[in-house]
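Engineer: Next up, final16.pdb (PDB, C-alpha atoms and all ligand atoms).
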```
ATOM      1  CA  MET A  13      35.993 -11.691 -44.763
ATOM      2  CA  GLU A  14      38.607 -10.353 -42.364
ATOM      3  CA  PRO A  15      39.291  -6.621 -42.789
ATOM      4  CA  PHE A  16      42.379  -6.518 -45.029
ATOM      5  CA  GLY A  17      41.051  -3.912 -47.475
ATOM      6  CA  ASP A  18      41.341  -5.216 -51.019
ATOM      7  CA  ARG A  19      43.783  -8.017 -50.071
ATOM      8  CA  ARG A  20      43.142 -11.405 -48.521
ATOM      9  CA  PHE A  21      46.038 -11.183 -46.102
ATOM     10  CA  ASN A  22      47.648  -8.681 -43.764
ATOM     11  CA  SER A  23      50.110  -7.160 -46.189
ATOM     12  CA  TYR A  24      53.477  -5.620 -45.515
ATOM     13  CA  ALA A  25      52.771  -2.730 -47.898
ATOM     14  CA  SER A  26      49.711  -1.676 -45.911
ATOM     15  CA  TYR A  27      51.563  -2.125 -42.602
ATOM     16  CA  TYR A  28      54.144   0.465 -43.653
ATOM     17  CA  LYS A  29      51.504   2.671 -45.218
ATOM     18  CA  ARG A  30      49.714   2.687 -41.841
ATOM     19  CA  LEU A  31      52.996   3.511 -40.072
ATOM     20  CA  PHE A  32      54.425   6.116 -42.435
ATOM     21  CA  GLY A  33      51.540   7.147 -44.670
ATOM     22  CA  SER A  34      53.588   6.281 -47.768
ATOM     23  CA  ARG A  35      55.459   3.509 -49.523
ATOM     24  CA  VAL A  36      58.701   2.496 -47.809
ATOM     25  CA  GLN A  37      61.649   0.744 -49.404
ATOM     26  CA  LYS A  38      64.256  -1.326 -47.604
ATOM     27  CA  ILE A  39      67.910  -0.809 -48.565
ATOM     28  CA  SER A  40      70.131  -3.783 -47.752
ATOM     29  CA  ILE A  41      73.378  -2.981 -45.954
ATOM     30  CA  ASP A  42      76.348  -5.284 -45.487
ATOM     31  CA  ALA A  43      78.100  -3.819 -42.447
ATOM     32  CA  GLY A  44      80.752  -6.554 -42.358
ATOM     33  CA  PHE A  45      79.249  -8.638 -39.553
ATOM     34  CA  SER A  46      80.147 -12.272 -38.996
ATOM     35  CA  CYS A  47      78.154 -15.122 -37.468
ATOM     36  CA  PRO A  48      78.934 -17.207 -34.359
ATOM     37  CA  ASN A  49      77.682 -20.279 -36.187
ATOM     38  CA  ARG A  50      80.444 -19.818 -38.744
ATOM     39  CA  ASP A  51      83.389 -18.300 -36.859
ATOM     40  CA  GLY A  52      83.784 -21.219 -34.440
ATOM     41  CA  THR A  53      82.003 -19.658 -31.427
ATOM     42  CA  ILE A  54      79.065 -22.040 -31.874
ATOM     43  CA  SER A  55      80.333 -23.985 -34.882
ATOM     44  CA  THR A  56      82.372 -23.438 -38.020
ATOM     45  CA  GLY A  57      80.016 -25.046 -40.519
ATOM     46  CA  GLY A  58      77.072 -22.636 -40.267
ATOM     47  CA  CYS A  59      73.488 -23.624 -40.929
ATOM     48  CA  THR A  60      73.544 -26.294 -43.619
ATOM     49  CA  PHE A  61      71.355 -24.192 -45.978
ATOM     50  CA  CYS A  62      73.204 -20.897 -45.507
ATOM     51  CA  SER A  63      74.550 -18.981 -48.465
ATOM     52  CA  ASN A  64      74.596 -15.276 -47.764
ATOM     53  CA  ALA A  65      76.069 -14.565 -51.211
ATOM     54  CA  ALA A  66      72.717 -15.390 -52.771
ATOM     55  CA  PHE A  67      70.868 -12.606 -50.942
ATOM     56  CA  ASN A  68      73.043  -9.556 -51.516
ATOM     57  CA  PRO A  69      72.088  -6.960 -54.104
ATOM     58  CA  SER A  70      74.997  -5.458 -56.069
ATOM     59  CA  TYR A  71      75.112  -2.142 -54.148
ATOM     60  CA  CYS A  72      75.403  -4.024 -50.854
ATOM     61  CA  LYS A  73      79.087  -4.790 -50.249
ATOM     62  CA  ALA A  74      80.973  -4.642 -46.947
ATOM     63  CA  GLU A  75      83.961  -2.850 -48.611
ATOM     64  CA  LYS A  76      81.757   0.205 -49.112
ATOM     65  CA  SER A  77      80.850   2.527 -46.231
ATOM     66  CA  ILE A  78      77.333   2.328 -44.841
ATOM     67  CA  ARG A  79      76.605   5.813 -46.214
ATOM     68  CA  GLN A  80      77.773   4.805 -49.694
ATOM     69  CA  GLN A  81      75.663   1.628 -49.658
ATOM     70  CA  ILE A  82      72.573   3.579 -48.604
ATOM     71  CA  GLU A  83      73.115   6.352 -51.175
ATOM     72  CA  GLU A  84      73.645   3.831 -53.976
ATOM     73  CA  GLY A  85      70.661   1.811 -52.741
ATOM     74  CA  ILE A  86      68.411   4.893 -52.794
ATOM     75  CA  GLU A  87      69.568   5.726 -56.327
ATOM     76  CA  PHE A  88      68.955   2.125 -57.460
ATOM     77  CA  HIS A  89      65.447   2.041 -56.017
ATOM     78  CA  GLN A  90      64.554   5.517 -57.276
ATOM     79  CA  ARG A  91      65.317   4.327 -60.800
ATOM     80  CA  ARG A  92      63.285   1.123 -60.360
ATOM     81  CA  TYR A  93      60.349   2.109 -58.161
ATOM     82  CA  ARG A  94      59.670   5.799 -58.292
ATOM     83  CA  ARG A  95      56.982   5.692 -55.606
ATOM     84  CA  ALA A  96      59.187   5.134 -52.536
ATOM     85  CA  SER A  97      59.789   8.277 -50.540
ATOM     86  CA  LYS A  98      61.060   6.789 -47.304
ATOM     87  CA  TYR A  99      63.805   4.237 -46.746
ATOM     88  CA  LEU A 100      64.709   1.729 -44.087
ATOM     89  CA  ALA A 101      68.328   0.628 -43.718
ATOM     90  CA  TYR A 102      68.182  -3.161 -43.616
ATOM     91  CA  PHE A 103      71.179  -4.768 -41.932
ATOM     92  CA  GLN A 104      70.756  -8.076 -43.682
ATOM     93  CA  PRO A 105      73.628 -10.525 -44.241
ATOM     94  CA  TYR A 106      74.975 -12.610 -41.346
ATOM     95  CA  SER A 107      74.248 -11.651 -37.703
ATOM     96  CA  ASN A 108      73.840  -7.910 -37.373
ATOM     97  CA  THR A 109      73.934  -7.709 -33.567
ATOM     98  CA  TYR A 110      77.128  -9.738 -33.254
ATOM     99  CA  LYS A 111      79.460  -7.045 -31.862
ATOM    100  CA  PRO A 112      79.819  -5.222 -28.525
ATOM    101  CA  LEU A 113      77.018  -2.722 -27.923
ATOM    102  CA  GLU A 114      79.271   0.357 -28.224
ATOM    103  CA  GLU A 115      80.340  -0.754 -31.726
ATOM    104  CA  LEU A 116      76.757  -1.556 -32.699
ATOM    105  CA  LYS A 117      75.686   1.944 -31.686
ATOM    106  CA  GLU A 118      78.323   3.470 -33.991
ATOM    107  CA  ILE A 119      77.284   1.226 -36.884
ATOM    108  CA  TYR A 120      73.549   1.881 -36.605
ATOM    109  CA  ALA A 121      74.177   5.615 -36.061
ATOM    110  CA  GLN A 122      75.840   5.852 -39.495
ATOM    111  CA  ALA A 123      72.580   4.766 -41.125
ATOM    112  CA  LEU A 124      70.349   6.852 -38.848
ATOM    113  CA  ALA A 125      72.353   9.997 -39.693
ATOM    114  CA  ILE A 126      71.114   9.951 -43.314
ATOM    115  CA  PRO A 127      68.015  12.159 -43.631
ATOM    116  CA  GLU A 128      66.104   9.857 -46.039
ATOM    117  CA  VAL A 129      66.465   6.929 -43.600
ATOM    118  CA  ALA A 130      63.290   6.614 -41.541
ATOM    119  CA  GLY A 131      64.545   3.649 -39.537
ATOM    120  CA  ILE A 132      66.551   0.449 -39.323
ATOM    121  CA  VAL A 133      65.687  -3.214 -39.654
ATOM    122  CA  ILE A 134      68.216  -5.557 -38.056
ATOM    123  CA  GLY A 135      68.434  -9.187 -39.135
ATOM    124  CA  THR A 136      70.062 -11.458 -36.579
ATOM    125  CA  ARG A 137      70.048 -14.756 -34.692
ATOM    126  CA  PRO A 138      67.730 -15.012 -31.678
ATOM    127  CA  ASP A 139      70.655 -15.944 -29.403
ATOM    128  CA  LEU A 140      72.360 -12.587 -30.058
ATOM    129  CA  VAL A 141      70.130 -10.102 -28.230
ATOM    130  CA  ASP A 142      70.149  -9.020 -24.597
ATOM    131  CA  GLU A 143      68.521  -6.450 -22.308
ATOM    132  CA  PRO A 144      71.061  -3.598 -22.841
ATOM    133  CA  LEU A 145      70.733  -3.885 -26.647
ATOM    134  CA  LEU A 146      66.934  -3.956 -26.520
ATOM    135  CA  HIS A 147      66.922  -1.005 -24.127
ATOM    136  CA  TYR A 148      69.109   0.985 -26.540
ATOM    137  CA  LEU A 149      66.949   0.054 -29.568
ATOM    138  CA  ASN A 150      63.850   1.075 -27.684
ATOM    139  CA  LYS A 151      65.362   4.545 -27.126
ATOM    140  CA  ILE A 152      66.076   4.936 -30.864
ATOM    141  CA  GLN A 153      62.358   4.612 -31.467
ATOM    142  CA  GLU A 154      61.893   8.156 -30.128
ATOM    143  CA  THR A 155      63.199   9.377 -33.500
ATOM    144  CA  HIS A 156      63.264   6.384 -35.868
ATOM    145  CA  HIS A 157      61.458   3.176 -36.695
ATOM    146  CA  VAL A 158      63.265   0.040 -35.468
ATOM    147  CA  MET A 159      62.555  -3.594 -36.191
ATOM    148  CA  LEU A 160      64.425  -6.753 -35.200
ATOM    149  CA  GLU A 161      64.151  -9.654 -37.596
ATOM    150  CA  TYR A 162      65.080 -13.108 -36.347
ATOM    151  CA  GLY A 163      65.961 -16.181 -38.343
ATOM    152  CA  VAL A 164      63.811 -18.806 -36.607
ATOM    153  CA  GLU A 165      63.438 -21.207 -39.584
ATOM    154  CA  SER A 166      61.512 -23.950 -37.749
ATOM    155  CA  VAL A 167      59.553 -24.439 -34.523
ATOM    156  CA  TYR A 168      60.922 -28.012 -34.213
ATOM    157  CA  ASP A 169      64.133 -28.635 -32.281
ATOM    158  CA  GLU A 170      64.949 -31.816 -34.197
ATOM    159  CA  THR A 171      64.877 -29.813 -37.457
ATOM    160  CA  LEU A 172      67.008 -27.032 -35.989
ATOM    161  CA  LYS A 173      69.533 -29.648 -34.883
ATOM    162  CA  ARG A 174      69.519 -31.344 -38.263
ATOM    163  CA  VAL A 175      70.325 -28.101 -40.101
ATOM    164  CA  ASN A 176      72.993 -27.173 -37.507
ATOM    165  CA  ARG A 177      71.193 -24.033 -36.481
ATOM    166  CA  GLY A 178      73.018 -23.879 -33.125
ATOM    167  CA  HIS A 179      70.001 -22.763 -31.083
ATOM    168  CA  ASP A 180      66.664 -24.269 -30.167
ATOM    169  CA  PHE A 181      63.127 -22.958 -30.608
ATOM    170  CA  ALA A 182      62.871 -21.898 -26.935
ATOM    171  CA  THR A 183      65.734 -19.442 -27.575
ATOM    172  CA  ALA A 184      63.825 -17.934 -30.499
ATOM    173  CA  GLU A 185      60.619 -17.706 -28.491
ATOM    174  CA  LYS A 186      62.438 -15.991 -25.601
ATOM    175  CA  ALA A 187      64.074 -13.424 -27.920
ATOM    176  CA  ILE A 188      60.754 -12.639 -29.617
ATOM    177  CA  ARG A 189      58.972 -12.178 -26.283
ATOM    178  CA  MET A 190      61.784  -9.997 -24.841
ATOM    179  CA  THR A 191      61.775  -7.844 -27.980
ATOM    180  CA  ALA A 192      58.025  -7.344 -27.834
ATOM    181  CA  GLU A 193      58.204  -6.580 -24.098
ATOM    182  CA  HIS A 194      60.649  -3.774 -24.945
ATOM    183  CA  GLY A 195      58.070  -2.361 -27.347
ATOM    184  CA  ILE A 196      60.136  -3.140 -30.444
ATOM    185  CA  PRO A 197      58.420  -4.586 -33.539
ATOM    186  CA  CYS A 198      59.694  -8.037 -34.245
ATOM    187  CA  GLY A 199      59.835 -10.125 -37.431
ATOM    188  CA  ALA A 200      60.668 -13.801 -37.954
ATOM    189  CA  HIS A 201      61.800 -15.865 -40.886
ATOM    190  CA  PHE A 202      60.690 -19.464 -41.494
ATOM    191  CA  ILE A 203      61.588 -22.056 -44.143
ATOM    192  CA  PHE A 204      59.054 -24.571 -45.467
ATOM    193  CA  GLY A 205      60.404 -27.930 -46.585
ATOM    194  CA  LEU A 206      63.366 -28.462 -44.265
ATOM    195  CA  PRO A 207      64.367 -32.134 -44.142
ATOM    196  CA  GLY A 208      62.404 -34.293 -41.702
ATOM    197  CA  GLU A 209      59.291 -32.056 -41.621
ATOM    198  CA  THR A 210      55.996 -33.301 -43.026
ATOM    199  CA  LYS A 211      53.297 -30.977 -44.360
ATOM    200  CA  ALA A 212      51.206 -31.734 -41.265
ATOM    201  CA  MET A 213      54.079 -30.646 -38.994
ATOM    202  CA  MET A 214      54.518 -27.443 -40.986
ATOM    203  CA  LEU A 215      50.811 -26.634 -40.809
ATOM    204  CA  ASP A 216      50.791 -27.272 -37.043
ATOM    205  CA  ALA A 217      53.555 -24.682 -36.740
ATOM    206  CA  ALA A 218      51.020 -21.997 -37.760
ATOM    207  CA  HIS A 219      49.370 -22.415 -34.364
ATOM    208  CA  VAL A 220      52.700 -22.046 -32.513
ATOM    209  CA  ILE A 221      53.703 -19.000 -34.579
ATOM    210  CA  SER A 222      50.276 -17.404 -34.044
ATOM    211  CA  GLN A 223      50.877 -17.442 -30.263
ATOM    212  CA  LEU A 224      54.074 -15.371 -30.576
ATOM    213  CA  PRO A 225      54.029 -11.565 -30.257
ATOM    214  CA  LEU A 226      55.306 -11.140 -33.811
ATOM    215  CA  THR A 227      54.687  -8.101 -35.983
ATOM    216  CA  THR A 228      55.812  -9.600 -39.304
ATOM    217  CA  VAL A 229      56.759 -12.959 -40.803
ATOM    218  CA  LYS A 230      58.635 -14.038 -43.914
ATOM    219  CA  PHE A 231      58.180 -17.487 -45.411
ATOM    220  CA  HIS A 232      60.529 -19.153 -47.869
ATOM    221  CA  GLN A 233      60.226 -22.439 -49.673
ATOM    222  CA  LEU A 234      63.393 -24.496 -49.190
ATOM    223  CA  GLN A 235      65.810 -23.768 -52.019
ATOM    224  CA  ILE A 236      69.188 -25.454 -52.053
ATOM    225  CA  PHE A 237      72.153 -23.204 -52.759
ATOM    226  CA  LYS A 238      75.352 -24.192 -54.508
ATOM    227  CA  GLY A 239      78.337 -24.627 -52.237
ATOM    228  CA  THR A 240      76.327 -25.310 -49.055
ATOM    229  CA  ARG A 241      76.465 -28.407 -46.880
ATOM    230  CA  MET A 242      72.831 -29.012 -47.733
ATOM    231  CA  ALA A 243      73.758 -29.088 -51.433
ATOM    232  CA  GLU A 244      76.201 -31.942 -50.720
ATOM    233  CA  GLU A 245      73.499 -33.830 -48.781
ATOM    234  CA  TYR A 246      70.978 -33.202 -51.531
ATOM    235  CA  LEU A 247      73.257 -34.356 -54.329
ATOM    236  CA  GLN A 248      74.047 -37.554 -52.395
ATOM    237  CA  HIS A 249      70.486 -38.275 -51.196
ATOM    238  CA  PRO A 250      67.962 -36.327 -53.277
ATOM    239  CA  ASP A 251      65.151 -38.599 -52.023
ATOM    240  CA  ALA A 252      65.630 -37.324 -48.471
ATOM    241  CA  PHE A 253      64.287 -33.909 -49.579
ATOM    242  CA  HIS A 254      60.809 -32.864 -50.523
ATOM    243  CA  LEU A 255      61.150 -29.682 -52.548
ATOM    244  CA  PHE A 256      57.842 -27.966 -53.216
ATOM    245  CA  LYS A 257      56.753 -27.580 -56.827
ATOM    246  CA  LEU A 258      55.190 -24.179 -57.492
ATOM    247  CA  ASP A 259      51.567 -25.321 -57.724
ATOM    248  CA  GLU A 260      51.822 -27.504 -54.634
ATOM    249  CA  TYR A 261      53.479 -24.673 -52.698
ATOM    250  CA  ILE A 262      50.753 -22.179 -53.584
ATOM    251  CA  ASP A 263      48.103 -24.416 -52.032
ATOM    252  CA  PHE A 264      50.305 -25.314 -49.082
ATOM    253  CA  VAL A 265      51.181 -21.731 -48.180
ATOM    254  CA  ILE A 266      47.495 -20.751 -48.410
ATOM    255  CA  ASP A 267      46.602 -23.678 -46.106
ATOM    256  CA  PHE A 268      49.230 -22.320 -43.717
ATOM    257  CA  VAL A 269      48.106 -18.708 -43.877
ATOM    258  CA  GLU A 270      44.491 -19.740 -43.231
ATOM    259  CA  ARG A 271      45.762 -20.977 -39.847
ATOM    260  CA  LEU A 272      47.883 -17.893 -39.103
ATOM    261  CA  HIS A 273      46.703 -15.126 -36.745
ATOM    262  CA  PRO A 274      45.277 -12.267 -38.842
ATOM    263  CA  ASP A 275      47.205  -9.614 -36.887
ATOM    264  CA  ILE A 276      50.579 -10.927 -38.084
ATOM    265  CA  VAL A 277      51.779  -9.025 -41.141
ATOM    266  CA  ILE A 278      53.077 -11.219 -43.976
ATOM    267  CA  GLU A 279      56.139  -9.687 -45.551
ATOM    268  CA  ARG A 280      56.883 -12.580 -47.889
ATOM    269  CA  PHE A 281      55.226 -15.832 -48.916
ATOM    270  CA  ALA A 282      58.181 -17.227 -50.858
ATOM    271  CA  GLY A 283      61.852 -16.689 -51.601
ATOM    272  CA  GLU A 284      63.303 -15.428 -54.844
ATOM    273  CA  VAL A 285      66.911 -16.179 -55.700
ATOM    274  CA  PRO A 286      68.723 -15.959 -59.062
ATOM    275  CA  PRO A 287      68.693 -19.514 -60.524
ATOM    276  CA  ARG A 288      72.489 -19.445 -60.980
ATOM    277  CA  TYR A 289      72.874 -19.867 -57.202
ATOM    278  CA  LEU A 290      70.708 -22.978 -56.975
ATOM    279  CA  VAL A 291      71.261 -26.717 -57.239
ATOM    280  CA  SER A 292      67.519 -27.245 -56.714
ATOM    281  CA  GLU A 293      65.068 -26.605 -59.570
ATOM    282  CA  PRO A 294      63.937 -22.936 -59.755
ATOM    283  CA  TRP A 295      60.235 -22.154 -60.284
ATOM    284  CA  MET A 296      60.294 -21.328 -64.002
ATOM    285  CA  LYS A 297      62.347 -18.194 -63.273
ATOM    286  CA  LEU A 298      59.290 -16.451 -61.831
ATOM    287  CA  ARG A 299      59.839 -13.177 -59.969
ATOM    288  CA  TYR A 300      58.351 -12.846 -56.491
ATOM    289  CA  ASP A 301      55.661 -10.424 -57.680
ATOM    290  CA  GLN A 302      54.423 -13.078 -60.125
ATOM    291  CA  VAL A 303      54.368 -15.776 -57.429
ATOM    292  CA  LEU A 304      52.472 -13.436 -55.098
ATOM    293  CA  ARG A 305      49.911 -12.740 -57.827
ATOM    294  CA  LEU A 306      49.373 -16.499 -58.280
ATOM    295  CA  ILE A 307      48.920 -16.961 -54.533
ATOM    296  CA  GLU A 308      46.386 -14.133 -54.360
ATOM    297  CA  GLN A 309      44.509 -15.490 -57.396
ATOM    298  CA  ARG A 310      44.314 -18.922 -55.753
ATOM    299  CA  MET A 311      43.053 -17.324 -52.519
ATOM    300  CA  GLU A 312      40.276 -15.706 -54.572
ATOM    301  CA  GLU A 313      39.406 -19.022 -56.233
ATOM    302  CA  ARG A 314      39.319 -20.760 -52.864
ATOM    303  CA  ASN A 315      37.484 -17.792 -51.328
ATOM    304  CA  THR A 316      39.762 -17.881 -48.330
ATOM    305  CA  TRP A 317      41.912 -15.467 -46.294
ATOM    306  CA  GLN A 318      44.540 -15.215 -43.567
ATOM    307  CA  GLY A 319      43.243 -16.501 -40.231
ATOM    308  CA  ARG A 320      40.094 -18.136 -41.614
ATOM    309  CA  LEU A 321      40.931 -21.417 -39.850
ATOM    310  CA  GLU A 322      42.941 -19.982 -36.973
ATOM    311  CA  VAL A 323      42.409 -21.820 -33.694
ATOM    312  CA  ARG A 324      42.488 -19.233 -30.927
ATOM    313  CA  GLY A 325      43.794 -19.849 -27.418
TER     314      GLY A 325
HETATM  315  S1  LIG A 401      71.907 -18.681 -41.776
HETATM  316 FE1  LIG A 401      72.457 -16.988 -40.446
HETATM  317  S2  LIG A 401      72.858 -17.988 -38.466
HETATM  318 FE2  LIG A 401      72.975 -19.605 -40.033
HETATM  319  S3  LIG A 401      75.162 -19.695 -40.571
HETATM  320 FE3  LIG A 401      74.128 -18.313 -42.025
HETATM  321  S4  LIG A 401      74.483 -16.261 -41.172
HETATM  322 FE4  LIG A 401      74.819 -17.763 -39.527
END
```
For this file, produce the structure as structure tokens.

Structural biologist:
Amino acid sequence: MEPFGDRRFNSYASYYKRLFGSRVQKISIDAGFSCPNRDGTISTGGCTFCSNAAFNPSYCKAEKSIRQQIEEGIEFHQRRYRRASKYLAYFQPYSNTYKPLEELKEIYAQALAIPEVAGIVIGTRPDLVDEPLLHYLNKIQETHHVMLEYGVESVYDETLKRVNRGHDFATAEKAIRMTAEHGIPCGAHFIFGLPGETKAMMLDAAHVISQLPLTTVKFHQLQIFKGTRMAEEYLQHPDAFHLFKLDEYIDFVIDFVERLHPDIVIERFAGEVPPRYLVSEPWMKLRYDQVLRLIEQRMEERNTWQGRLEVRG
């Protein structure tokens, strides 16, 4: 078996343990960013699946200062998980590089000034990074951990068009390569089950993703959020969507991970959203930890692991 210690995949927890020697907790920050795919710069509709409201924890509100959000986030996590001793400020909702560089520097500096914050993770679109920003983020690494996390969602341009993503896969690939060339760890987010994609297409994507210089990946099953354009499409044409059932997804995501390069750290195998936000059927109200346990149990039963079927080159 590949060398993942007692796990069957390259886990996020051990990645941060290797980096920091201890457990690290991310604190989500809403710094009041917008998104060019919503404010009219690219489009006004946004991605058809997008509902940022569904991802924000209660302490994460743009009306509060960044310091207040981080302090409340640390308190929240200290009550829940006593083991974390280091924190990463996670600029999560919307597009967190969508301002002039001088303003971005001021925003990130507010988080970096807090002693418990060991670094920042910046979620953004791949069409919102450039050389000066990457150069600046590279410099921050002298004192803090930095990671850029891109919403890529699919490797297929026809899918990206269909969900009104407003950029193609080549843009995502370019951003990931530029980020890696600047020595900055880079994460990417993908959704399984977007309309028009077959299971075979999704599995083939593992080969494309394995060729990218990615540090981490997050996978989500498609969930359809209330109030989104996709919810309207779904309610009108439910047959046009294939939404994974839990058992089917467990086997699918293992099939995928078997094809994924073993050096890529898996931060998430599935999404977890409070059922009140969904028009699609939730998975029996399972928490992510429970879903992860089921996936790991199935990997044991199948005696398989990340990268077992990876095609190199
Ligand atoms: S998913 Fe991200 S890029 Fe798409 S509309 Fe929402 S905030 Fe913008």

Engineer: As a check of understanding, name the residues that the PyMOL selection byres (((chain A and resi 201-217) around 6) and not hetatm) selects in the supplied structure, as a list in words.

Structural biologist: Gly163, Val164, Glu165, Ser166, Ala200, Ala218, His219, Val220, Val229, Lys230, Phe231, His232, Gln233, Leu234, Phe253 and Phe268 of chain A

Engineer: Please put the answer as lines of an AutoDock Vina configuration file: centre and edge lengths, in Å with one decimal, of a box along x, y and z that encloses all listed atoms of ligand LIG 401 (chain A) plus 5 Å on each side.

Structural biologist:
```
center_x = 73.5
center_y = -18.0
center_z = -40.2
size_x = 13.3
size_y = 13.4
size_z = 13.6
```

Engineer: Could you list, as a PyMOL selection string, all the residues within 7 Å of ligand LIG 401 (chain A), counting all atoms listed in the file?

Structural biologist: chain A and resi 47-50+58-59+61-64+105-107+137+163+177

Engineer: Using all atoms listed in the file, which residue out of A:Leu116, A:Val303, A:Ala187, A:Ile126 lies closest to Glu83 of chain A?

Structural biologist: A:Ile126

Engineer: Kindly give the distance, in Å, that separates atom CA of Ser40 of chain A and atom CA of Leu100 of chain A, rounded to a single decimal.

Structural biologist: 8.6 Å

Engineer: Expanded to explicit residues, what is the PyMOL selection byres (((chain A and resi 257) around 10) and not hetatm) for this file, as a list in words?

Structural biologist: Gln233, His254, Leu255, Phe256, Leu258, Asp259, Glu260, Tyr261, Ile262, Glu293, Pro294 and Trp295 of chain A

Engineer: Using only C-alpha atoms, which of the listed residues (A:Asp301, A:Glu170, A:Glu322, A:Asp142) sits closest to Pro112 of chain A?

Structural biologist: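 Answer, going by the shortest atom-to-atom distance: A:Asp142.
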
Engineer: Kindly indicate which residue among A:Ala125, A:Ile307, A:Val141, A:Met242 lies nearest to Thr109 of chain A, using only C-alpha atoms for the distances.

Structural biologist: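 Of all the options, A:Val141 lies closest to Thr109 of chain A.
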
Engineer: Which residues are near Glu245 of chain A? Cut-off 12 Å, all atoms listed in the file, ignore same chain within fewer than 3 positions. Put them as a PDB file with C-alpha atoms, keeping the file's coordinate frame.

Structural biologist:
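Writing the result to out.pdb gives the following:
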```
ATOM      1  CA  THR A  60      73.544 -26.294 -43.619  1.00  0.00           C
ATOM      2  CA  PHE A  61      71.355 -24.192 -45.978  1.00  0.00           C
ATOM      3  CA  ARG A 174      69.519 -31.344 -38.263  1.00  0.00           C
ATOM      4  CA  VAL A 175      70.325 -28.101 -40.101  1.00  0.00           C
ATOM      5  CA  PRO A 207      64.367 -32.134 -44.142  1.00  0.00           C
ATOM      6  CA  ILE A 236      69.188 -25.454 -52.053  1.00  0.00           C
ATOM      7  CA  PHE A 237      72.153 -23.204 -52.759  1.00  0.00           C
ATOM      8  CA  LYS A 238      75.352 -24.192 -54.508  1.00  0.00           C
ATOM      9  CA  GLY A 239      78.337 -24.627 -52.237  1.00  0.00           C
ATOM     10  CA  THR A 240      76.327 -25.310 -49.055  1.00  0.00           C
ATOM     11  CA  ARG A 241      76.465 -28.407 -46.880  1.00  0.00           C
ATOM     12  CA  MET A 242      72.831 -29.012 -47.733  1.00  0.00           C
ATOM     13  CA  GLN A 248      74.047 -37.554 -52.395  1.00  0.00           C
ATOM     14  CA  HIS A 249      70.486 -38.275 -51.196  1.00  0.00           C
ATOM     15  CA  PRO A 250      67.962 -36.327 -53.277  1.00  0.00           C
ATOM     16  CA  ASP A 251      65.151 -38.599 -52.023  1.00  0.00           C
ATOM     17  CA  ALA A 252      65.630 -37.324 -48.471  1.00  0.00           C
ATOM     18  CA  PHE A 253      64.287 -33.909 -49.579  1.00  0.00           C
ATOM     19  CA  VAL A 291      71.261 -26.717 -57.239  1.00  0.00           C
ATOM     20  CA  SER A 292      67.519 -27.245 -56.714  1.00  0.00           C
TER      21      SER A 292
END
```

Engineer: Between A:Leu298, A:Ala192, A:Val265, A:Ile132, which has the minimum distance to Gln318 of chain A (counting only C-alpha atoms)?

Structural biologist: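 Looking only at the distances to Gln318 of chain A, the closest residue turns out to be A:Val265.
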
Engineer: Run the PyMOL selection byres (((chain A and resi 169) around 9) and not hetatm) against the file shown and list the residues it catches, as a PDB file with C-alpha atoms, in the coordinates of the input.

Structural biologist:
```pdb
ATOM      1  CA  SER A 166      61.512 -23.950 -37.749  1.00  0.00           C
ATOM      2  CA  VAL A 167      59.553 -24.439 -34.523  1.00  0.00           C
ATOM      3  CA  TYR A 168      60.922 -28.012 -34.213  1.00  0.00           C
ATOM      4  CA  GLU A 170      64.949 -31.816 -34.197  1.00  0.00           C
ATOM      5  CA  THR A 171      64.877 -29.813 -37.457  1.00  0.00           C
ATOM      6  CA  LEU A 172      67.008 -27.032 -35.989  1.00  0.00           C
ATOM      7  CA  LYS A 173      69.533 -29.648 -34.883  1.00  0.00           C
ATOM      8  CA  ARG A 174      69.519 -31.344 -38.263  1.00  0.00           C
ATOM      9  CA  HIS A 179      70.001 -22.763 -31.083  1.00  0.00           C
ATOM     10  CA  ASP A 180      66.664 -24.269 -30.167  1.00  0.00           C
ATOM     11  CA  PHE A 181      63.127 -22.958 -30.608  1.00  0.00           C
ATOM     12  CA  ALA A 182      62.871 -21.898 -26.935  1.00  0.00           C
TER      13      ALA A 182
END
```

Engineer: Just to confirm, what's the straight-line distance from atom CA of Glu118 of chain A to atom CA of Gln37 of chain A in Å (one decimal)?

Structural biologist: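 Answer for the atom CA of Glu118 of chain A to atom CA of Gln37 of chain A separation: 22.9 Å.
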
Engineer: So, counting all atoms listed in the file, which residue among A:Gln235, A:Asn150, A:Asn176, A:Ser55 is closest to Cys198 of chain A?

Structural biologist: A:Asn150

Engineer: Kindly output segment 115-120 of chain A as a short mmCIF file (atom, residue, chain, number, x, y, z; two decimals), in the frame of the given file, after building N, CA and C atoms.

Structural biologist:
```
data_model
loop_
_atom_site.label_atom_id
_atom_site.label_comp_id
_atom_site.auth_asym_id
_atom_site.auth_seq_id
_atom_site.Cartn_x
_atom_site.Cartn_y
_atom_site.Cartn_z
N GLU A 115 80.06 -0.71 -30.27
CA GLU A 115 80.34 -0.75 -31.73
C GLU A 115 79.03 -0.77 -32.52
N LEU A 116 78.06 -1.51 -32.01
CA LEU A 116 76.76 -1.56 -32.70
C LEU A 116 76.15 -0.16 -32.80
N LYS A 117 76.27 0.60 -31.69
CA LYS A 117 75.69 1.94 -31.69
C LYS A 117 76.31 2.79 -32.80
N GLU A 118 77.64 2.68 -32.94
CA GLU A 118 78.32 3.47 -33.99
C GLU A 118 77.87 3.05 -35.38
N ILE A 119 77.69 1.73 -35.57
CA ILE A 119 77.28 1.23 -36.88
C ILE A 119 75.87 1.69 -37.23
N TYR A 120 74.93 1.49 -36.31
CA TYR A 120 73.55 1.88 -36.60
C TYR A 120 73.44 3.41 -36.78
#
```
